[in-house]
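As provided, final.txt (compact mmCIF, C-alpha atoms (C1' of nucleotides)) reads as follows.
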```
# COMPACT_ATOMS: atom_id res chain seq x y z
CA MET A 147 -15.87 -43.11 29.13
CA GLU A 148 -13.41 -42.52 31.92
CA ASN A 149 -10.64 -41.45 29.62
CA GLU A 150 -12.80 -38.67 28.33
CA ASN A 151 -13.69 -37.56 31.79
CA ARG A 152 -10.04 -37.25 32.65
CA GLU A 153 -9.40 -35.26 29.50
CA GLU A 154 -12.39 -33.15 30.35
CA GLU A 155 -10.92 -32.36 33.75
CA LEU A 156 -7.49 -31.69 32.29
CA HIS A 157 -8.96 -29.26 29.81
CA GLY A 158 -11.16 -27.68 32.40
CA ALA A 159 -8.08 -26.98 34.45
CA ARG A 160 -6.38 -25.66 31.36
CA VAL A 161 -9.21 -23.21 30.81
CA LYS A 162 -8.65 -21.85 34.29
CA THR A 163 -4.93 -21.55 33.64
CA VAL A 164 -5.67 -19.75 30.41
CA LEU A 165 -8.09 -17.36 32.02
CA ALA A 166 -5.58 -16.54 34.74
CA ALA A 167 -2.74 -15.86 32.31
CA LEU A 168 -4.79 -13.98 29.74
CA PRO A 169 -3.94 -10.28 29.44
CA ASN A 170 -6.95 -8.13 30.24
CA ASP A 171 -9.21 -6.76 27.54
CA GLU A 172 -7.53 -3.40 27.48
CA GLN A 173 -4.13 -4.99 26.97
CA ILE A 174 -5.45 -7.27 24.26
CA ALA A 175 -6.99 -4.29 22.54
CA GLU A 176 -3.64 -2.52 22.68
CA MET A 177 -1.85 -5.47 21.15
CA GLY A 178 -4.53 -5.76 18.50
CA ALA A 179 -4.21 -2.08 17.68
CA ARG A 180 -0.48 -2.44 17.13
CA PHE A 181 -0.99 -5.39 14.82
CA LYS A 182 -3.78 -3.62 12.99
CA THR A 183 -1.55 -0.68 12.24
CA LEU A 184 0.89 -3.06 10.61
CA SER A 185 -1.74 -5.03 8.76
CA GLU A 186 -2.24 -2.55 5.94
CA PRO A 187 0.28 -3.03 3.10
CA SER A 188 0.35 0.70 2.42
CA ARG A 189 1.32 1.51 6.00
CA LEU A 190 3.73 -1.38 6.20
CA LYS A 191 5.46 -0.11 3.08
CA ILE A 192 5.73 3.38 4.53
CA LEU A 193 7.34 2.02 7.67
CA LEU A 194 9.72 -0.18 5.72
CA ALA A 195 10.74 2.93 3.79
CA LEU A 196 11.20 4.97 6.97
CA ALA A 197 13.38 2.20 8.35
CA ALA A 198 16.15 3.66 6.16
CA GLY A 199 15.80 7.04 7.85
CA GLU A 200 13.93 10.32 7.77
CA LEU A 201 11.99 11.07 4.60
CA CYS A 202 9.70 13.85 3.41
CA VAL A 203 6.17 13.09 2.26
CA GLU A 204 7.04 13.48 -1.38
CA HIS A 205 9.82 10.92 -1.16
CA ILE A 206 7.71 8.55 0.86
CA THR A 207 5.07 8.83 -1.83
CA GLU A 208 7.66 8.02 -4.48
CA ALA A 209 9.00 5.11 -2.50
CA VAL A 210 5.68 3.45 -1.82
CA GLY A 211 3.94 4.47 -5.04
CA GLY A 212 0.45 5.84 -4.76
CA ASN A 213 -1.01 9.27 -4.42
CA GLN A 214 -0.02 12.00 -2.05
CA SER A 215 -3.34 12.22 -0.29
CA ALA A 216 -3.47 8.54 0.56
CA VAL A 217 0.06 8.67 1.94
CA SER A 218 -0.77 11.72 3.98
CA HIS A 219 -3.82 10.04 5.45
CA GLN A 220 -1.79 6.98 6.39
CA LEU A 221 0.93 9.15 7.91
CA LYS A 222 -1.73 10.77 10.02
CA THR A 223 -2.87 7.38 11.24
CA LEU A 224 0.71 6.42 12.03
CA LYS A 225 1.32 9.69 13.81
CA ASP A 226 -1.90 9.43 15.82
CA ASN A 227 -0.70 6.02 16.95
CA LYS A 228 2.71 7.50 17.81
CA ILE A 229 4.46 5.15 15.45
CA VAL A 230 6.03 7.96 13.48
CA LYS A 231 6.89 11.56 14.30
CA CYS A 232 7.63 14.52 12.07
CA ARG A 233 9.49 17.80 11.96
CA ARG A 234 9.61 20.64 9.53
CA ALA A 235 12.73 21.38 7.50
CA GLY A 236 12.26 24.29 5.13
CA LYS A 237 9.29 23.57 2.96
CA LYS A 238 9.32 19.88 3.63
CA ILE A 239 8.03 17.88 6.51
CA LEU A 240 10.27 15.02 7.45
CA TYR A 241 8.84 11.86 8.93
CA SER A 242 10.69 9.29 10.95
CA VAL A 243 10.04 6.24 13.08
CA ALA A 244 9.04 6.95 16.66
CA ASP A 245 8.27 3.47 17.95
CA ALA A 246 11.15 1.02 18.02
CA HIS A 247 8.93 -1.84 19.18
CA VAL A 248 6.86 -1.72 16.06
CA MET A 249 9.99 -1.85 13.94
CA ILE A 250 11.13 -4.91 15.84
CA MET A 251 7.83 -6.61 15.11
CA ILE A 252 8.26 -5.79 11.44
CA GLU A 253 11.75 -7.25 11.55
CA VAL A 254 10.46 -10.44 13.11
CA ALA A 255 7.77 -10.73 10.47
CA LYS A 256 10.31 -10.14 7.73
CA GLU A 257 12.60 -12.83 9.06
CA HIS A 258 9.75 -15.29 8.96
CA LEU A 259 9.05 -14.57 5.32
CA ASN A 260 11.45 -17.12 3.96
CA CYS A 261 10.51 -19.83 6.41
CA HIS A 262 8.45 -22.32 4.46
CA ASP A 263 5.67 -23.12 6.88
CA MET B 1323 19.81 27.13 -0.67
CA GLU B 1324 22.83 24.84 -1.03
CA ASN B 1325 22.20 23.05 2.20
CA GLU B 1326 18.79 22.03 1.01
CA ASN B 1327 20.16 20.77 -2.26
CA ARG B 1328 22.53 18.54 -0.41
CA GLU B 1329 19.73 17.26 1.78
CA GLU B 1330 17.67 16.74 -1.33
CA GLU B 1331 20.41 14.62 -2.85
CA LEU B 1332 20.89 12.70 0.34
CA HIS B 1333 17.22 11.91 0.52
CA GLY B 1334 17.05 11.09 -3.15
CA ALA B 1335 19.78 8.54 -2.59
CA ARG B 1336 17.93 7.28 0.42
CA VAL B 1337 14.82 6.72 -1.66
CA LYS B 1338 16.83 4.53 -4.00
CA THR B 1339 18.25 2.58 -1.08
CA VAL B 1340 14.76 2.16 0.29
CA LEU B 1341 13.38 0.96 -3.01
CA ALA B 1342 16.20 -1.54 -3.37
CA ALA B 1343 15.74 -2.97 0.12
CA LEU B 1344 11.95 -3.03 0.08
CA PRO B 1345 10.41 -6.49 0.04
CA ASN B 1346 8.29 -7.00 -3.05
CA ASP B 1347 4.55 -6.47 -3.04
CA GLU B 1348 3.78 -10.11 -2.58
CA GLN B 1349 6.03 -10.33 0.45
CA ILE B 1350 4.57 -7.19 1.92
CA ALA B 1351 1.10 -8.58 1.40
CA GLU B 1352 2.15 -11.75 3.20
CA MET B 1353 3.49 -9.80 6.16
CA GLY B 1354 0.37 -7.68 6.23
CA ALA B 1355 -1.83 -10.75 6.19
CA ARG B 1356 -0.02 -12.17 9.22
CA PHE B 1357 -0.46 -8.94 11.11
CA LYS B 1358 -4.07 -8.65 10.07
CA THR B 1359 -4.83 -12.06 11.48
CA LEU B 1360 -3.49 -10.89 14.81
CA SER B 1361 -5.23 -7.53 14.70
CA GLU B 1362 -8.61 -8.76 15.80
CA PRO B 1363 -8.97 -8.96 19.60
CA SER B 1364 -11.24 -11.99 19.33
CA ARG B 1365 -8.67 -13.94 17.34
CA LEU B 1366 -5.82 -12.72 19.47
CA LYS B 1367 -7.64 -13.94 22.54
CA ILE B 1368 -8.21 -17.34 20.99
CA LEU B 1369 -4.51 -17.68 20.20
CA LEU B 1370 -3.51 -16.54 23.66
CA ALA B 1371 -5.80 -19.23 25.02
CA LEU B 1372 -4.37 -21.90 22.73
CA ALA B 1373 -0.89 -20.93 23.87
CA ALA B 1374 -1.63 -23.03 26.96
CA GLY B 1375 -2.32 -26.08 24.84
CA GLU B 1376 -4.97 -27.92 22.88
CA LEU B 1377 -8.57 -26.91 23.60
CA CYS B 1378 -11.98 -27.86 22.24
CA VAL B 1379 -14.30 -25.26 20.76
CA GLU B 1380 -16.53 -25.21 23.80
CA HIS B 1381 -13.62 -24.45 26.12
CA ILE B 1382 -12.20 -21.85 23.78
CA THR B 1383 -15.59 -20.21 23.76
CA GLU B 1384 -15.64 -20.22 27.56
CA ALA B 1385 -12.13 -18.85 27.74
CA VAL B 1386 -12.64 -15.97 25.36
CA GLY B 1387 -16.25 -15.27 26.18
CA GLY B 1388 -18.61 -14.84 23.27
CA ASN B 1389 -20.87 -17.09 21.31
CA GLN B 1390 -20.05 -20.41 19.75
CA SER B 1391 -20.72 -19.37 16.19
CA ALA B 1392 -18.43 -16.37 16.32
CA VAL B 1393 -15.63 -18.47 17.76
CA SER B 1394 -16.17 -21.12 15.11
CA HIS B 1395 -15.98 -18.52 12.35
CA GLN B 1396 -12.75 -17.13 13.75
CA LEU B 1397 -11.31 -20.61 14.10
CA LYS B 1398 -12.07 -21.17 10.45
CA THR B 1399 -10.18 -18.00 9.56
CA LEU B 1400 -7.25 -19.11 11.68
CA LYS B 1401 -7.30 -22.56 10.16
CA ASP B 1402 -7.51 -21.22 6.60
CA ASN B 1403 -4.42 -19.18 7.40
CA LYS B 1404 -2.73 -22.29 8.81
CA ILE B 1405 -2.25 -20.64 12.16
CA VAL B 1406 -4.15 -23.33 14.01
CA LYS B 1407 -4.89 -26.96 13.26
CA CYS B 1408 -7.47 -29.34 14.66
CA ARG B 1409 -8.15 -32.99 15.30
CA ARG B 1410 -11.17 -34.90 16.43
CA ALA B 1411 -11.28 -36.60 19.84
CA GLY B 1412 -14.56 -38.31 20.49
CA LYS B 1413 -17.31 -35.77 20.08
CA LYS B 1414 -15.02 -32.83 20.49
CA ILE B 1415 -12.74 -31.14 18.03
CA LEU B 1416 -9.48 -30.02 19.56
CA TYR B 1417 -7.68 -26.99 18.24
CA SER B 1418 -4.02 -26.17 18.68
CA VAL B 1419 -1.42 -23.76 17.41
CA ALA B 1420 0.16 -24.65 14.08
CA ASP B 1421 2.35 -21.63 13.40
CA ALA B 1422 5.13 -20.97 15.85
CA HIS B 1423 6.12 -17.72 14.15
CA VAL B 1424 2.82 -16.14 14.87
CA MET B 1425 3.11 -17.09 18.51
CA ILE B 1426 6.52 -15.47 18.65
CA MET B 1427 5.08 -12.27 17.27
CA ILE B 1428 2.39 -12.36 19.90
CA GLU B 1429 5.05 -12.85 22.56
CA VAL B 1430 7.00 -9.87 21.27
CA ALA B 1431 3.88 -7.73 21.31
CA LYS B 1432 3.07 -8.89 24.83
CA GLU B 1433 6.53 -8.03 26.08
CA HIS B 1434 6.15 -4.52 24.72
CA LEU B 1435 2.92 -3.98 26.60
CA ASN B 1436 4.50 -2.73 29.77
CA CYS B 1437 7.02 -0.51 28.05
CA HIS B 1438 5.76 3.01 28.53
CA ASP B 1439 6.36 4.53 25.09
C1' DC C 55 2.17 40.84 0.39
C1' DG C 56 1.10 37.62 -2.95
C1' DT C 57 2.42 33.44 -5.10
C1' DT C 58 4.05 29.05 -5.08
C1' DT C 59 5.08 24.75 -3.03
C1' DA C 60 4.38 20.94 0.26
C1' DT C 61 1.29 18.84 2.98
C1' DA C 62 -3.20 18.21 5.27
C1' DT C 63 -8.07 17.62 5.51
C1' DG C 64 -13.16 16.56 4.53
C1' DA C 65 -16.69 14.24 2.31
C1' DA C 66 -18.03 10.50 -0.50
C1' DT C 67 -17.55 5.95 -1.99
C1' DG C 68 -16.56 1.29 -1.91
C1' DT C 69 -14.89 -2.82 0.08
C1' DG C 70 -13.87 -6.05 3.59
C1' DT C 71 -15.21 -8.45 7.43
C1' DA C 72 -16.86 -9.40 12.46
C1' DT C 73 -20.96 -10.79 14.46
C1' DT C 74 -25.47 -12.82 14.93
C1' DC C 75 -29.29 -15.92 14.00
C1' DA C 76 -30.94 -19.84 12.18
C1' DT C 77 -29.92 -24.07 10.58
C1' DA C 78 -26.95 -27.76 8.51
C1' DT C 79 -23.54 -31.36 9.16
C1' DG C 80 -21.64 -35.12 11.00
C1' DA C 81 -20.00 -38.15 14.47
C1' DT C 82 -21.49 -40.69 18.51
C1' DA C 83 -24.10 -43.39 21.68
C1' DA C 84 -28.30 -45.71 22.85
C1' DT D 1158 -31.37 -46.30 13.00
C1' DT D 1159 -32.53 -42.57 15.54
C1' DA D 1160 -31.64 -39.05 18.80
C1' DT D 1161 -28.29 -36.13 20.59
C1' DC D 1162 -24.30 -33.52 21.05
C1' DA D 1163 -20.48 -30.58 19.22
C1' DT D 1164 -19.22 -27.91 15.64
C1' DA D 1165 -19.70 -25.68 11.07
C1' DT D 1166 -21.88 -22.89 7.71
C1' DG D 1167 -24.79 -19.33 5.10
C1' DA D 1168 -27.12 -15.22 4.77
C1' DA D 1169 -27.93 -10.76 6.66
C1' DT D 1170 -26.50 -6.85 9.04
C1' DA D 1171 -23.59 -3.40 10.54
C1' DC D 1172 -19.50 -1.08 11.03
C1' DA D 1173 -14.71 0.19 10.19
C1' DC D 1174 -11.68 2.12 7.20
C1' DA D 1175 -8.64 2.75 2.78
C1' DT D 1176 -8.76 5.42 -1.15
C1' DT D 1177 -9.93 9.24 -4.13
C1' DC D 1178 -11.13 13.90 -5.47
C1' DA D 1179 -11.34 18.44 -4.46
C1' DT D 1180 -9.87 21.87 -1.75
C1' DA D 1181 -7.82 24.03 2.46
C1' DT D 1182 -3.76 25.40 5.10
C1' DA D 1183 0.42 27.22 5.91
C1' DA D 1184 5.14 28.09 5.42
C1' DA D 1185 8.63 30.08 2.27
C1' DC D 1186 10.54 32.81 -1.16
C1' DG D 1187 10.38 36.40 -4.46
```
As structure tokens - that is how I would like this structure written.
Amino acid sequence: MENENREEELHGARVKTVLAALPNDEQIAEMGARFKTLSEPSRLKILLALAAGELCVEHITEAVGGNQSAVSHQLKTLKDNKIVKCRRAGKKILYSVADAHVMIMIEVAKEHLNCHD
Amino acid sequence: MENENREEELHGARVKTVLAALPNDEQIAEMGARFKTLSEPSRLKILLALAAGELCVEHITEAVGGNQSAVSHQLKTLKDNKIVKCRRAGKKILYSVADAHVMIMIEVAKEHLNCHD
DNA sequence: CGTTTATATGAATGTGTATTCATATGATAA
DNA sequence: TTATCATATGAATACACATTCATATAAACG
């Protein structure tokens, strides 16, 4: 049918548009990595806690609930991804947010929570 | 040392603030689920393609590169999460974006791509 | 120094899930 | 109705990774 042919052409053109506008694989991987970091409830909770300011591992562990080792492993992941940074203060090591973009994305997600789809 | 005690108290208070402001576990899970959906490059690519408009499975497959079955599985995931919707048109099934919030998050992530940390 | 305290690390385990292959479904057109 | 086309589905595989337990590190304070 002719109608379908026209749609076919329209969509074919759209595919080309899409391909042209698509970020490259490396960029997509980077975006995906950011989202992945935020996809784990444990990490998300840690970041939500750190949104209030610098905290030592012990307090983070209290705030998110869980065991120290798990929190430490997640902090390592976050640090490796440069989403948090840390400094020593006496016996404690204080963690804080290092990537403002990620916090913005969390804010956006939080705002959308109450929006009934 | 007294200084440390004061810091300790400050942080203790901060933990309480954090706990009070923290979304509940269900909400955190919901946020995490949204991020998780976007964390897979294959899905991200599909959504970036659909940003241009409605596309049939075949064209999506062309646009993202990969095999038809994989794309179909991912589309199912996206549909189950109400991020895309679909309708039939002749032999084809056309998919389109159903969740504007998710697209906003993708936009935010995309904008942050070129920001050298 | 040696001890304690705070945090980090490694190995092991378990779970979740992306992908592929083969095939089913289901609408369409002949 | 039958053949064909577009898409969906199920099972199998493989891999990534969160968590736990046990232990290592390393700074600090006596």
### chain A residues near chain D (10 Å cut-off, only C-alpha atoms (C1' of nucleotides)) as a ChimeraX atom specification
/A:186,188,212-213,215-217,219-220,234,236-238
### Message
Env of Gly178 (chain A): 6 Å cut, atoms = only C-alpha atoms (C1' of nucleotides), seq-sep filter 3 positions within chain, self excluded. Answer as a list of chain:residue names.
### Response
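Answer for this query is A:Ala175, A:Phe181, A:Lys182, B:Ser1361, B:Glu1362, B:Pro1363.
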Closest atom pairs, residues of chain C within 12 Å of chain B, only C-alpha atoms (C1' of nucleotides), as a tab-separated table:
```
residue	atom	partner	partner_atom	distance
C:DT71	C1'	B:Glu1362	CA	10.7
C:DA72	C1'	B:Ala1392	CA	8.1
C:DT73	C1'	B:Ala1392	CA	6.4
C:DT74	C1'	B:Ala1392	CA	8.0
C:DC75	C1'	B:Ser1391	CA	9.5
C:DA76	C1'	B:Ser1391	CA	11.0
C:DT77	C1'	B:Ser1391	CA	11.8
C:DG80	C1'	B:Lys1413	CA	10.1
C:DA81	C1'	B:Lys1413	CA	6.7
C:DT82	C1'	B:Lys1413	CA	6.6
C:DA83	C1'	B:Lys1413	CA	10.3
```
### Message
Select, as a ChimeraX atom specification, those residues of chain B with any atom no more than 9 Å from chain A (distances computed using only C-alpha atoms).
### Response
/B:1326,1333-1334,1336-1341,1343-1345,1347,1349-1364,1366-1367,1370-1378,1381-1382,1384-1386,1404,1411-1412,1421,1423-1424,1426-1428,1430-1432,1434-1435,1439
### Task
Work out how far apart CA of Met1425 (chain B) and CA of Glu253 (chain A) are and give it in Å to one decimal.
14.8 Å
### Task
Quote the spacing between CA of Val1419 (chain B) and CA of Leu1369 (chain B) in Å to one decimal place.
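If I compute the distance from CA of Val1419 (chain B) to CA of Leu1369 (chain B), I get 7.4 Å.
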### Task
Find the distance between CA of Cys232 (chain A) and CA of Val203 (chain A) and write it in Å to one decimal.
10.0 Å
Could you add N, CA and C atoms to region 222-235 of chain A and give me the result as a JSON list (two decimals), in the coordinates of the input?
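selection.json, written as the output of this step:
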```
[["chain", "number", "residue", "atom", "x", "y", "z"],
["A", 222, "LYS", "N", -0.95, 10.26, 8.89],
["A", 222, "LYS", "CA", -1.73, 10.77, 10.02],
["A", 222, "LYS", "C", -2.09, 9.64, 10.98],
["A", 223, "THR", "N", -2.55, 8.54, 10.41],
["A", 223, "THR", "CA", -2.87, 7.38, 11.24],
["A", 223, "THR", "C", -1.65, 6.94, 12.04],
["A", 224, "LEU", "N", -0.52, 6.85, 11.37],
["A", 224, "LEU", "CA", 0.71, 6.42, 12.03],
["A", 224, "LEU", "C", 1.13, 7.40, 13.11],
["A", 225, "LYS", "N", 0.93, 8.68, 12.83],
["A", 225, "LYS", "CA", 1.32, 9.69, 13.81],
["A", 225, "LYS", "C", 0.38, 9.66, 15.02],
["A", 226, "ASP", "N", -0.91, 9.51, 14.74],
["A", 226, "ASP", "CA", -1.90, 9.43, 15.82],
["A", 226, "ASP", "C", -1.58, 8.25, 16.75],
["A", 227, "ASN", "N", -1.06, 7.20, 16.16],
["A", 227, "ASN", "CA", -0.70, 6.02, 16.95],
["A", 227, "ASN", "C", 0.73, 6.09, 17.49],
["A", 228, "LYS", "N", 1.35, 7.26, 17.30],
["A", 228, "LYS", "CA", 2.71, 7.50, 17.81],
["A", 228, "LYS", "C", 3.73, 6.51, 17.28],
["A", 229, "ILE", "N", 3.52, 6.08, 16.06],
["A", 229, "ILE", "CA", 4.46, 5.15, 15.45],
["A", 229, "ILE", "C", 5.47, 5.91, 14.62],
["A", 230, "VAL", "N", 5.07, 7.07, 14.14],
["A", 230, "VAL", "CA", 6.03, 7.96, 13.48],
["A", 230, "VAL", "C", 5.91, 9.34, 14.11],
["A", 231, "LYS", "N", 6.94, 10.16, 13.88],
["A", 231, "LYS", "CA", 6.89, 11.56, 14.30],
["A", 231, "LYS", "C", 7.35, 12.39, 13.12],
["A", 232, "CYS", "N", 7.18, 13.70, 13.19],
["A", 232, "CYS", "CA", 7.63, 14.52, 12.07],
["A", 232, "CYS", "C", 8.18, 15.85, 12.56],
["A", 233, "ARG", "N", 8.96, 16.47, 11.68],
["A", 233, "ARG", "CA", 9.49, 17.80, 11.96],
["A", 233, "ARG", "C", 9.57, 18.55, 10.65],
["A", 234, "ARG", "N", 9.52, 19.86, 10.74],
["A", 234, "ARG", "CA", 9.61, 20.64, 9.53],
["A", 234, "ARG", "C", 11.06, 20.97, 9.23],
["A", 235, "ALA", "N", 11.40, 20.96, 7.93],
["A", 235, "ALA", "CA", 12.73, 21.38, 7.50],
["A", 235, "ALA", "C", 12.53, 22.16, 6.21]]
```
